[in-house]
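Written below as structure tokens is the structure these notes are about.
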Amino acid sequence: VCDDGSTDLTGEIASALGAIVVRHDKNMGVGAALRTLFDRARELGAGIVVTLDADGQHDPSYIPDLIEPILRQEADIVIGSRFASQEGAREVPLYRKIGIKTISGLAKRVSKLNVRDTQSGFRAYNRRALEVIQVTRDDFGWSLETLDQAASHGLKVIEVPVPIRYKCVEETSTKNPLSHGLELIRTLLDLVTWKRPLAFLGIPGVALLGVAAFFMVNMLSLFNRTRYFSLPMTLLATAFGLAGMTMLSTAVMLYAIQKALLSRKPSSREAAA
């Protein structure tokens, strides 16, 4: 159990009931909690790890359903999905269904994983997945980050149907759907920027430089004809030029870093994994 800077007796009660409790001095977020739990699971040599949200929305009696495909060696990661059955999908509130399907559709384009419920925190991981997945985001973006890493490492991800208790979620959630969605969109933008820096930053950067050149040429042309120095055109040319150069240089640096990492020889430990 991760006691993520709680102010109640979560840690004490869990410890008294026999759980291993890891504590954060302050609230750091769901991604940070998962990162700490993964680290402890690796230290314990866990063969299978199951994660559940702490708000009571997940029914632990479905854990056997999640780990069964892993025990049969049919999957590396199993997701308890709201959309793996028609009955489960009908229980999802409309606004949540729209949000989840939108984010899942965008995530599919980024990671190439056909996962219908990318936001489910009810998941099972085998040892291989535990070794290669590294959670870096502290917020709700962890859910997309881990799936993207799974796709990059060729892990097999499947979904099994589970119910969700939405009354628990509404009563205990500290995040409204809008802020949650914005965190996920920011994560997707980060993933796209890293995967395709030249397309996502380089092309817009060149376009901005073109706009800057347009204003600069018009300013010089106006000055040659009338000897009037247009300060607004100069400021626009400078602003677009700086933005374009920043985006283009960032794209080139990210591309160079990406190529360097891809060409780096793996260590003996990584090769063994």
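Just so we're on the same page: first chain in the structure tokens is A, next is B, and so on; residues restart at 1 for each chain, and ligands are numbered from 1 in the order they show up.
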
| message | Env of Leu208 (chain A): 8 Å cut, atoms = only C-alpha atoms, seq-sep filter 5 positions within chain, self excluded. Answer as a VMD selection string. | response | chain A and resid 240 to 241 243 to 244

| query | Could you pull the residues within 8 Å of region 245-248 of chain A, counting only C-alpha atoms, minus those fewer than 3 positions along the same chain, as a PyMOL selection string? | reply | chain A and resi 198+201-206+209+241-242+251-252

Emit the selected residues as an mmCIF file, in the first residue's frame, including N, CA and C atoms.
data_model
loop_
_atom_site.group_PDB
_atom_site.id
_atom_site.type_symbol
_atom_site.label_atom_id
_atom_site.label_comp_id
_atom_site.auth_asym_id
_atom_site.auth_seq_id
_atom_site.Cartn_x
_atom_site.Cartn_y
_atom_site.Cartn_z
ATOM 1 N N LEU A 198 10.699 15.957 -35.389
ATOM 2 C CA LEU A 198 10.831 16.737 -36.619
ATOM 3 C C LEU A 198 9.470 17.080 -37.209
ATOM 4 N N LEU A 201 7.484 19.335 -34.145
ATOM 5 C CA LEU A 201 8.080 20.630 -33.825
ATOM 6 C C LEU A 201 8.812 21.246 -35.013
ATOM 7 N N GLY A 202 9.495 20.385 -35.788
ATOM 8 C CA GLY A 202 10.313 20.901 -36.879
ATOM 9 C C GLY A 202 9.503 21.572 -37.978
ATOM 10 N N ILE A 203 8.465 20.908 -38.456
ATOM 11 C CA ILE A 203 7.648 21.466 -39.542
ATOM 12 C C ILE A 203 6.951 22.761 -39.110
ATOM 13 N N PRO A 204 6.293 22.808 -37.930
ATOM 14 C CA PRO A 204 5.729 24.091 -37.481
ATOM 15 C C PRO A 204 6.804 25.160 -37.293
ATOM 16 N N GLY A 205 8.001 24.758 -36.863
ATOM 17 C CA GLY A 205 9.080 25.723 -36.701
ATOM 18 C C GLY A 205 9.470 26.355 -38.020
ATOM 19 N N VAL A 206 9.585 25.540 -39.058
ATOM 20 C CA VAL A 206 9.905 26.061 -40.394
ATOM 21 C C VAL A 206 8.784 26.984 -40.881
ATOM 22 N N LEU A 209 9.132 30.311 -39.239
ATOM 23 C CA LEU A 209 10.232 31.058 -39.852
ATOM 24 C C LEU A 209 9.792 31.665 -41.185
ATOM 25 N N GLY A 241 10.068 34.705 -35.673
ATOM 26 C CA GLY A 241 11.395 34.144 -35.915
ATOM 27 C C GLY A 241 11.969 33.433 -34.701
ATOM 28 N N LEU A 242 11.815 34.059 -33.528
ATOM 29 C CA LEU A 242 12.315 33.430 -32.297
ATOM 30 C C LEU A 242 11.549 32.146 -32.003
ATOM 31 N N ALA A 251 13.488 20.547 -31.941
ATOM 32 C CA ALA A 251 13.219 19.349 -32.742
ATOM 33 C C ALA A 251 14.514 18.643 -33.119
ATOM 34 N N VAL A 252 15.512 19.408 -33.529
ATOM 35 C CA VAL A 252 16.799 18.817 -33.936
ATOM 36 C C VAL A 252 17.491 18.168 -32.742
#

| Distance CA of Asp8 (chain A)-CA of Asp138 (chain A), one decimal place? |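 Rounded to one decimal, the two atoms are 21.4 Å apart.
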
| task | Rank A:Thr234, A:Gly154, A:Arg35, A:Ala19 by their smallest atom-to-atom distance to Leu220 (chain A), using only C-alpha atoms, and report the top residue only. | result |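 Under the stated criterion, the closest residue is A:Thr234.
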
| task | Could you please determine the separation between CA of Thr250 (chain A) and CA of Gly29 (chain A) in Å, to one decimal place? | result |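 Pair CA of Thr250 (chain A) / CA of Gly29 (chain A) returns 28.6 Å.
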
| task | Please return as number ranges by chain: the residues of region 17-99 of chain A that backbone DSSP assigns to strand (DSSP E or B). | result | A: 22-24, 48-51, 77-81

| query | Between CA of Pro232 (chain A) and CA of Ala212 (chain A), what is the spacing in Å? | reply |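 Computing the Euclidean distance for CA of Ala212 (chain A) and CA of Pro232 (chain A) yields 12.2 Å.
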
| task | Could you give me, as a PyMOL selection string, the residues within 10 Å of region 3-5 of chain A, counting only C-alpha atoms and dropping anything in the same chain fewer than 5 positions from it? | result | chain A and resi 10-12+14+21-30+32-34+36+54

Any chance you can output those residues with N, CA and C atoms as a compact mmCIF listing (two decimals), in the first residue's frame?
# COMPACT_ATOMS: atom_id res chain seq x y z
N THR A 10 -4.65 5.93 6.99
CA THR A 10 -4.48 4.93 5.93
C THR A 10 -3.28 4.02 6.20
N GLY A 11 -2.12 4.63 6.42
CA GLY A 11 -0.90 3.84 6.61
C GLY A 11 -0.97 2.96 7.84
N GLU A 12 -1.46 3.52 8.94
CA GLU A 12 -1.51 2.76 10.20
C GLU A 12 -2.47 1.57 10.10
N ALA A 14 -3.55 0.03 7.32
CA ALA A 14 -3.04 -0.96 6.37
C ALA A 14 -1.92 -1.78 7.00
N VAL A 21 3.60 -1.19 3.87
CA VAL A 21 3.22 0.19 3.59
C VAL A 21 4.46 0.99 3.21
N VAL A 22 4.40 1.67 2.07
CA VAL A 22 5.45 2.61 1.68
C VAL A 22 4.85 4.00 1.74
N ARG A 23 5.58 4.95 2.32
CA ARG A 23 5.02 6.27 2.60
C ARG A 23 5.74 7.38 1.84
N HIS A 24 4.95 8.33 1.39
CA HIS A 24 5.46 9.60 0.86
C HIS A 24 5.20 10.68 1.91
N ASP A 25 6.21 11.52 2.16
CA ASP A 25 6.03 12.59 3.16
C ASP A 25 4.97 13.59 2.74
N LYS A 26 4.79 13.76 1.42
CA LYS A 26 3.76 14.67 0.92
C LYS A 26 3.05 14.01 -0.25
N ASN A 27 1.88 14.52 -0.58
CA ASN A 27 1.11 13.97 -1.68
C ASN A 27 1.83 14.25 -3.00
N MET A 28 2.15 13.19 -3.74
CA MET A 28 2.92 13.34 -4.97
C MET A 28 2.15 12.94 -6.22
N GLY A 29 1.03 12.27 -6.07
CA GLY A 29 0.23 11.91 -7.23
C GLY A 29 0.21 10.42 -7.49
N VAL A 30 -0.77 10.00 -8.30
CA VAL A 30 -0.98 8.57 -8.54
C VAL A 30 0.19 7.94 -9.29
N ALA A 32 3.37 8.85 -9.14
CA ALA A 32 4.47 8.70 -8.19
C ALA A 32 4.23 7.53 -7.24
N ALA A 33 2.97 7.34 -6.83
CA ALA A 33 2.63 6.21 -5.96
C ALA A 33 2.91 4.89 -6.68
N LEU A 34 2.51 4.82 -7.94
CA LEU A 34 2.74 3.59 -8.71
C LEU A 34 4.24 3.33 -8.89
N THR A 36 6.67 4.16 -6.87
CA THR A 36 7.19 3.66 -5.59
C THR A 36 6.79 2.20 -5.37
N ALA A 54 -7.18 3.28 -5.21
CA ALA A 54 -7.45 3.28 -3.77
C ALA A 54 -8.82 3.81 -3.40

| Using only C-alpha atoms, which residue out of A:Asn126, A:Asn224, A:Gln57, A:Thr118 lies closest to Ser81 (chain A)? | A:Thr118
